[in-house]
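Worksheet for the structure shown next.
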Amino acid sequence: MKIKSLILGSAAALLAVSGARAADAVMAPEPEPVDYVRVCDAYGAGFFYIPGTETCLSINGYVWFQVGATSRQDANDTPGYYYNDDAFQNHTGWQTGSRVRINFDARSETEWGTLRGWMRLQASWDQQSKFGDGPVGIDQAWVQLGGFAAGYGESAWFYQFNNSTLNDGSFSWGGLYYGDHQRAQIRYEFGDKTGFYGLIALEDPEDELNYMPNVVGRIGYGAAWGAVALTGAYDHDRTGLAVGGDAGWALSGSALFNIPSMPGSALKVIGTYNGSDSEYGPDSPLVGYTLTNAAHPAGVDLGQPEWSVLASLIYQATPDLGLIVSGQYFGDAYIAGGDDTVNGTSAWAAEISAVWTPVKNFEVRPEIVYTKAEHLDGTASGFLRFTRYF
């Protein structure tokens, strides 16, 4: 009996050893060590080193969905701020839309300052493109070295890289009427968010074909209490003609005041004077509108207003909720492409907006704008938007 047990135990041991060797024979090789991406904290959150280089890269953007509407029904109503192009006029239904935006930002340090390449890809879908996908396009692209920047993007008339305190118009997403447009340009900026700052830019409008650029300059001062700035623009050919066009100019003074003991709350005021209907100036609800009255029975196309004043207040009620109220008044509009104003064409606009972030990187934003021209009925337009940032 002992001999039988010994034989059976020896056989089991041999099977175990054979199984172990068989298992060893089919085992996968050890994985190679992985080089993990290094975080780059020199330029803020979200940057990482491109493997094998000292260049830092950030990829970010957002996706949104919104639903909106306008009350405008016919030519007796003031053009609305939102949904104002021909595709949306006389439309009484809801307007829906989606957008995706991706930013690529590459930076590295040199003896001449930060070298940066930045581009934005964007695609939108709305009622105009509902029978197909929205095309993807390069919305902006820049090359920067220190204070030098060259590329296509927001005009220096209202946008600056090194001190963004007074960029755009009101605190809302739309910003009301501040002369929003994009240009191919070369610019140089100096200063920072505190102390004196400014820029000089040479811009090339897309509707002109000649050797002369437009010129934009800004000088400002920033401090803990806020900032002030004076901006001027010279449009060498405001009519958009290749030869023989008339020149135009515009001036803008802006100020921002942080409200003491209310973090995130501020008041912004922008005043603009436009010497004629030019590439610059504040825009208004009547830009592009054809007015027919006793003085102009055949109709006259309207351009930018002669002057405008905008005021915007943001109140940070809680860390997750900001409330915005803004208003803007416009002096008489110029005849499109000219330097003569049309009496009875003043207008005003008012907006309310809110920014609610119930969780990190998710935003709910309602926005409503009411526009009213002197000779027309008022129009309300706006949207409710849901945005996921990344």
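Residues are named by chain letter and number: chains run A, B, ... in the order of the structure tokens, numbers start at 1 in each chain, and ligands are numbered from 1 in the order shown.
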Residues of segment 22-203 of chain A classed as alpha helix (DSSP H) by DSSP on the backbone are to be reported as an MDAnalysis selection string. chainID A and resid 22:26
Those same residues - N, CA and C atoms - I'd like them written as an mmCIF file, in the first residue's frame.
data_model
loop_
_atom_site.group_PDB
_atom_site.id
_atom_site.type_symbol
_atom_site.label_atom_id
_atom_site.label_comp_id
_atom_site.auth_asym_id
_atom_site.auth_seq_id
_atom_site.Cartn_x
_atom_site.Cartn_y
_atom_site.Cartn_z
ATOM 1 N N ALA A 22 4.965 23.556 -19.411
ATOM 2 C CA ALA A 22 4.135 23.883 -20.578
ATOM 3 C C ALA A 22 3.604 25.305 -20.485
ATOM 4 N N ALA A 23 3.213 25.671 -19.267
ATOM 5 C CA ALA A 23 2.716 27.034 -19.090
ATOM 6 C C ALA A 23 3.817 28.045 -19.344
ATOM 7 N N ASP A 24 5.023 27.721 -18.870
ATOM 8 C CA ASP A 24 6.151 28.626 -19.100
ATOM 9 C C ASP A 24 6.414 28.801 -20.579
ATOM 10 N N ALA A 25 6.180 27.803 -21.364
ATOM 11 C CA ALA A 25 6.512 27.852 -22.783
ATOM 12 C C ALA A 25 5.608 28.816 -23.550
ATOM 13 N N VAL A 26 4.365 29.026 -23.092
ATOM 14 C CA VAL A 26 3.433 29.877 -23.835
ATOM 15 C C VAL A 26 3.228 31.238 -23.183
#
Which of segment 208-329 of chain A counts as strand (DSSP E) under DSSP, as a ChimeraX atom specification please? /A:214-223,226-235,248-258,266-274,290-291,300-305,307-318,321-329
Using only C-alpha atoms, what does the table of segment 192-299 of chain A residues within 12 Å of segment 173-183 of chain A look like, with each row giving the shortest atom pair and its distance in Å to one decimal, sorted by chain and ascending number, as a Markdown table?
| residue | atom | partner | partner_atom | distance |
| --- | --- | --- | --- | --- |
| A:Ala201 | CA | A:Arg183 | CA | 10.5 |
| A:Leu202 | CA | A:Arg183 | CA | 9.5 |
| A:Glu203 | CA | A:Arg183 | CA | 6.1 |
| A:Asp204 | CA | A:Arg183 | CA | 6.0 |
| A:Pro205 | CA | A:Arg183 | CA | 5.7 |
| A:Glu206 | CA | A:Arg183 | CA | 7.1 |
| A:Asp207 | CA | A:Arg183 | CA | 10.3 |
| A:Glu208 | CA | A:Arg183 | CA | 11.3 |
| A:Pro213 | CA | A:Arg183 | CA | 10.6 |
| A:Asn214 | CA | A:Arg183 | CA | 10.0 |
| A:Val215 | CA | A:Arg183 | CA | 11.6 |
| A:Val216 | CA | A:Arg183 | CA | 11.5 |
| A:Ala233 | CA | A:Gly179 | CA | 11.6 |
| A:Ala250 | CA | A:Gly179 | CA | 10.7 |
| A:Leu251 | CA | A:Gly179 | CA | 11.8 |
| A:Ser252 | CA | A:Tyr178 | CA | 9.7 |
| A:Gly253 | CA | A:Tyr178 | CA | 11.8 |
| A:Ser254 | CA | A:Tyr178 | CA | 11.1 |
| A:Lys268 | CA | A:Gly175 | CA | 11.3 |
| A:Val269 | CA | A:Tyr178 | CA | 11.5 |
| A:Ile270 | CA | A:Tyr178 | CA | 8.7 |
| A:Gly271 | CA | A:Tyr178 | CA | 9.7 |
| A:Thr272 | CA | A:Tyr178 | CA | 8.7 |
| A:Tyr273 | CA | A:Tyr178 | CA | 11.5 |
| A:Asn274 | CA | A:Gly179 | CA | 11.0 |
| A:Asp277 | CA | A:Gly179 | CA | 11.7 |
| A:Ser278 | CA | A:Gly179 | CA | 10.3 |
| A:Glu279 | CA | A:Gly179 | CA | 8.4 |
| A:Tyr280 | CA | A:Gly179 | CA | 6.1 |
| A:Gly281 | CA | A:Gly179 | CA | 5.5 |
| A:Pro282 | CA | A:Tyr178 | CA | 4.3 |
| A:Asp283 | CA | A:Tyr177 | CA | 5.3 |
| A:Ser284 | CA | A:Tyr177 | CA | 5.8 |
| A:Pro285 | CA | A:Tyr177 | CA | 8.1 |
| A:Leu286 | CA | A:Tyr177 | CA | 10.9 |
| A:Val287 | CA | A:Tyr177 | CA | 10.4 |
Need the shell around Leu121 of chain A: protein/DNA/RNA residues with any atom at most 12 Å away, counting only C-alpha atoms. Skip same-chain ones fewer than 3 positions apart. Format as a PyMOL selection string? chain A and resi 59-62+99-105+118+124+135-141
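The interatomic distance for the pair atom CA of Tyr197 of chain A and atom CA of Asn163 of chain A works out to 7.4 Å.
Excluding Pro305 of chain A and any residue on its chain fewer than 5 positions from it, the residues at most 6 Å away by only C-alpha atoms are Phe330, Gly331, Asp332, Ala333 and Tyr334 of chain A.
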Counting only C-alpha atoms, what are the residues of segment 123-242 of chain A within 9 Å of segment 311-315 of chain A, and for each of them which pair of atoms is the nearest and at what distance in Å, to one decimal? Sort the table by chain and rising number, as a tab-separated table.
residue	atom	partner	partner_atom	distance
A:Gly169	CA	A:Ser312	CA	8.4
A:Ser170	CA	A:Ser312	CA	5.3
A:Phe171	CA	A:Ser312	CA	6.4
A:Ser172	CA	A:Ser312	CA	8.6
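Residue nearest Asn84 of chain A within the list A:Thr70, A:Ala184, A:Asn258, A:Gly97: A:Thr70 [criterion: smallest interatomic distance, only C-alpha atoms].
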